[in-house]
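Engineer: Just passing along the structure, written as structure tokens.
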Amino acid sequence: MLLTSLTTSTKAQYDDELYIFGFSQVLLNTKSVSYNVYESDEIPFAYGNRFNSTSFALHQVNLFFQKPINERSIFFLNLEATGSYSSKIPSGHLEIPEGWISYRFSELLEIKAGLLLPKFNNLTEIKNRLPLFPYLIRPIMYESLLNNLVTPEDYNPQNAYFQITGSKQLLVNKYLEYAFYIGNAENSFLSRTPVGSADDEEAATAFYLGENMNTALLFGGRLGLINQYETFKTGVSFTYDEDNRTEEVTSIFRLSSFTTPILGEVKRYRFGYDLSFTLDKIAFEGEFISVFHNHKEIRENPAFAQANLNKYFVYANLTYNFNDDFYAFGYSSFHQDQSFEMVKQGTPSAAGVLVTSFGGGWRPFENTSIKVQYLDSYVLENNYLGYTIDMLSVGISTIF
Amino acid sequence: MFRVALLLFIISCTVMDGIVAQDFDENIAVIVHESIESNFLSEEELLEIYTLSNHNWSDKTRIKVADYKGENYLRIHFYNSLNLTPRTIKKLWLRAQFTGRTVPPKVVDSISDMIDLVVNNPGTIGYVPITRVPPDVKVIFEIRNDL
């Protein structure tokens with residue numbers, strides 16, 4: 001009976017019925033993490049430790065539901081489970097990162113409404129589509145396994161709710177594409193307590209969990225150039241929103257003795273540039289994100305005269321395809337955060353995190369890849385803290 | 001750990017393999033359901049359809065792209081004639097599919113299945129050897145190997 005219903009379903013899919021597909025990635029990784037606090041004027045003695053672990057994980061499973069509503073409209077839903085999700089153990093996370101409906105007026109104009117991944121840099125749009133990447137462990141800003149090391153929304157917009165996109169042919173095989181979108185301000189503005197006691201300001205006024213408790217919204221856009229086969233893609237992106245500094249920010253790179261000052265809501269501008277191309281057997285992908293804050297109001301307080309919340313992220317990956325089945329890759333990323341969560345106020349140099357990684361992959365079947373990756377990450381330019389990760393991973397990525 | 005990683009990296013770099021396409025000297029007909037208004041496609045229009053850049057026929061109905069499973073000789077030859085490879089097209093489709101840009105193409109096992117699909121589904125486009133074109137479809141593009 002099950003077989004019959006599956007067969008019927010497959011036949012029905014082509015008649016504009018519900019289309020279901022997805023992917024999974026399982027991996028084994030062995031990692032070594034070193035944590036050292038150096039001796040300084042503020043810290044009388046150095047200390048540190050080293051931790052080793054080896055773990056299997058159902059890294060990520062995504063289930064996509066796609067339903068053509070009519071000739072111009074599509075509904076799309078993405079269910080995502082990460083880190084061997086189980087509510088019983090418990091482990092991992094389950095979320096719906098996307099659920100939207102689109103309407104295409106023409107190639108020049110398409111609108112999307114609902115929860116969606118905005119068109120910022122190239123990686124933001126495809127960050128959770130693991131089979132599109134040559135590696136297992138994504139760059140730090142996009143990797144769910146490394147989310148405790150950095151707050152991704154400090155660099156990238158995480159989602160939007162309304163987006164206008166389109167493309168126009170400029171030259172032979174070259175298209176100009178654009179996007180404008182609007183969404184909630186960063187997730188830390190979302191209510192975390194349901195309706196409750198009148199003693200709690202948020203609990204008294206929030207109607208539901210996840211309601212944006214700020215009038216600030218996210219505005220963003222992108223202007224890019226792409227060719228038909230997507231073997232060349234480049235673009236500039238921008239966003240405007242507010243950084244929530246109304247509570248203390250925690251970070252693994254910040255010593256607990258260096259408390260983060262409360263600075264309020266700070267206007268934030270993100271600028272991105274990305275470039276990807278394929279030349280014969282070589283594929284390059286890179287991006288740069290620069291995050292600026294409006295420090296004017298903060299610096300009016302003499303205690304924060306040197307406050308600097310700006311940061312940047314740069315990433316480049318090179319993949320060499322020996323043939324259709326075998327490839328090797330190497331990538332490096334660096335992000336520098338000049339804000340208080342990484343260094344003590346007044347420290348002349350900011351702190352940064354360098355990640356280098358290399359590996360390879362084999363596609364034994366059309367929809368399956370076996371990947372191997374080595375990753376090394378350590379904190380740079382920090383006088384107080386040393387943090388190093390060595391990680392070797394092997395995994396299988398399957399599309400279904 | 002670094003040495004193990006480096007060794008695995010070197011091994012992956014030294015393994016080589018290749019896809020061998022069988023010779024295929026028959027012309028290929030690009031066929032559509034007979035309800036399609038168009039009688040002819042340019043190569044550029046065909047590419048736009050198979051790269052999923054064009055989603056609708058001239059009468060605004062949805063284009064339903066059909067293809068073959070795996071890397072059979074007909075499929076390899078079809079894409080090579082358009083200066084593409086099956087893997088290039090697969091990569092494009094995956095991205096379009098995963099970002100919800102368009103409905104994924106329908107994949108069939110055999111030429112008979114392709115003919116059935118095109119004949120029975122308005123808006124469908126597929127391709128078959130010229131000698132296998134059935135009477136109740138339109139041929140809107142031909143890839144010639146006999147020139």
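Please note that chains go A, B, ... in the order of the structure tokens, that every chain numbers its residues from 1, and that ligands are numbered from 1 in the order shown.
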Run DSSP on the backbone of this structure and report the residues of range 31-137 of chain B it assigns to helix (DSSP H, G or I), as a ChimeraX atom specification.
Structural biologist: /B:43-50,73-81,86-98,111-120,130-132
Engineer: Identify all chain A residues at most 7 Å from chain B by counting only C-alpha atoms; ligands do not count. Present them as a list in words.
Structural biologist: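 Every residue of chain A that passes the 7 Å test is in Tyr14, Glu71, Phe76, Arg129, Tyr229, Phe322, Asn323, Asp324, Ala328, Gly359, Gly360, Glu366, Tyr374 and Leu392 of chain A.
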Engineer: Take CA of Lys127 in chain A and CA of Thr356 in chain A and report the distance between them in Å, one decimal.
Structural biologist: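 CA of Lys127 in chain A sits 18.4 Å away from CA of Thr356 in chain A.
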Engineer: Among range 2-143 of chain B, which residues carry a DSSP assignment of strand (DSSP E), reported as a PDB file with C-alpha atoms, in the first residue's frame?
Structural biologist:
ATOM      1  CA  ILE B  28      18.122  14.562 -31.484  1.00  0.00           C
ATOM      2  CA  ALA B  29      14.633  16.067 -31.612  1.00  0.00           C
ATOM      3  CA  VAL B  30      13.459  18.439 -28.911  1.00  0.00           C
ATOM      4  CA  ILE B  31       9.771  17.703 -28.519  1.00  0.00           C
ATOM      5  CA  VAL B  32       6.904  19.472 -26.793  1.00  0.00           C
ATOM      6  CA  HIS B  33       3.277  18.755 -26.070  1.00  0.00           C
ATOM      7  CA  LYS B  64       7.666  21.624 -17.543  1.00  0.00           C
ATOM      8  CA  VAL B  65      11.182  20.416 -18.262  1.00  0.00           C
ATOM      9  CA  ALA B  66      11.815  16.689 -18.642  1.00  0.00           C
ATOM     10  CA  ASP B  67      15.146  14.897 -18.642  1.00  0.00           C
ATOM     11  CA  TYR B  68      16.668  11.442 -18.318  1.00  0.00           C
ATOM     12  CA  LYS B 106      10.847  15.620 -14.123  1.00  0.00           C
ATOM     13  CA  VAL B 107      13.358  12.809 -14.599  1.00  0.00           C
ATOM     14  CA  VAL B 108      12.500   9.642 -16.540  1.00  0.00           C
ATOM     15  CA  THR B 124       6.171  19.581 -21.198  1.00  0.00           C
ATOM     16  CA  ILE B 125       9.434  19.720 -23.150  1.00  0.00           C
ATOM     17  CA  GLY B 126      11.791  16.768 -23.632  1.00  0.00           C
ATOM     18  CA  TYR B 127      14.136  15.239 -26.170  1.00  0.00           C
ATOM     19  CA  VAL B 128      14.397  11.919 -28.005  1.00  0.00           C
ATOM     20  CA  PRO B 129      16.363  10.443 -30.932  1.00  0.00           C
ATOM     21  CA  VAL B 137       4.081  15.870 -30.437  1.00  0.00           C
ATOM     22  CA  LYS B 138       5.732  18.940 -31.946  1.00  0.00           C
ATOM     23  CA  VAL B 139       9.440  19.017 -32.822  1.00  0.00           C
ATOM     24  CA  ILE B 140      10.619  22.546 -32.048  1.00  0.00           C
ATOM     25  CA  PHE B 141      14.384  22.114 -32.212  1.00  0.00           C
ATOM     26  CA  GLU B 142      16.742  19.624 -33.778  1.00  0.00           C
ATOM     27  CA  ILE B 143      20.307  18.809 -32.854  1.00  0.00           C
TER      28      ILE B 143
END
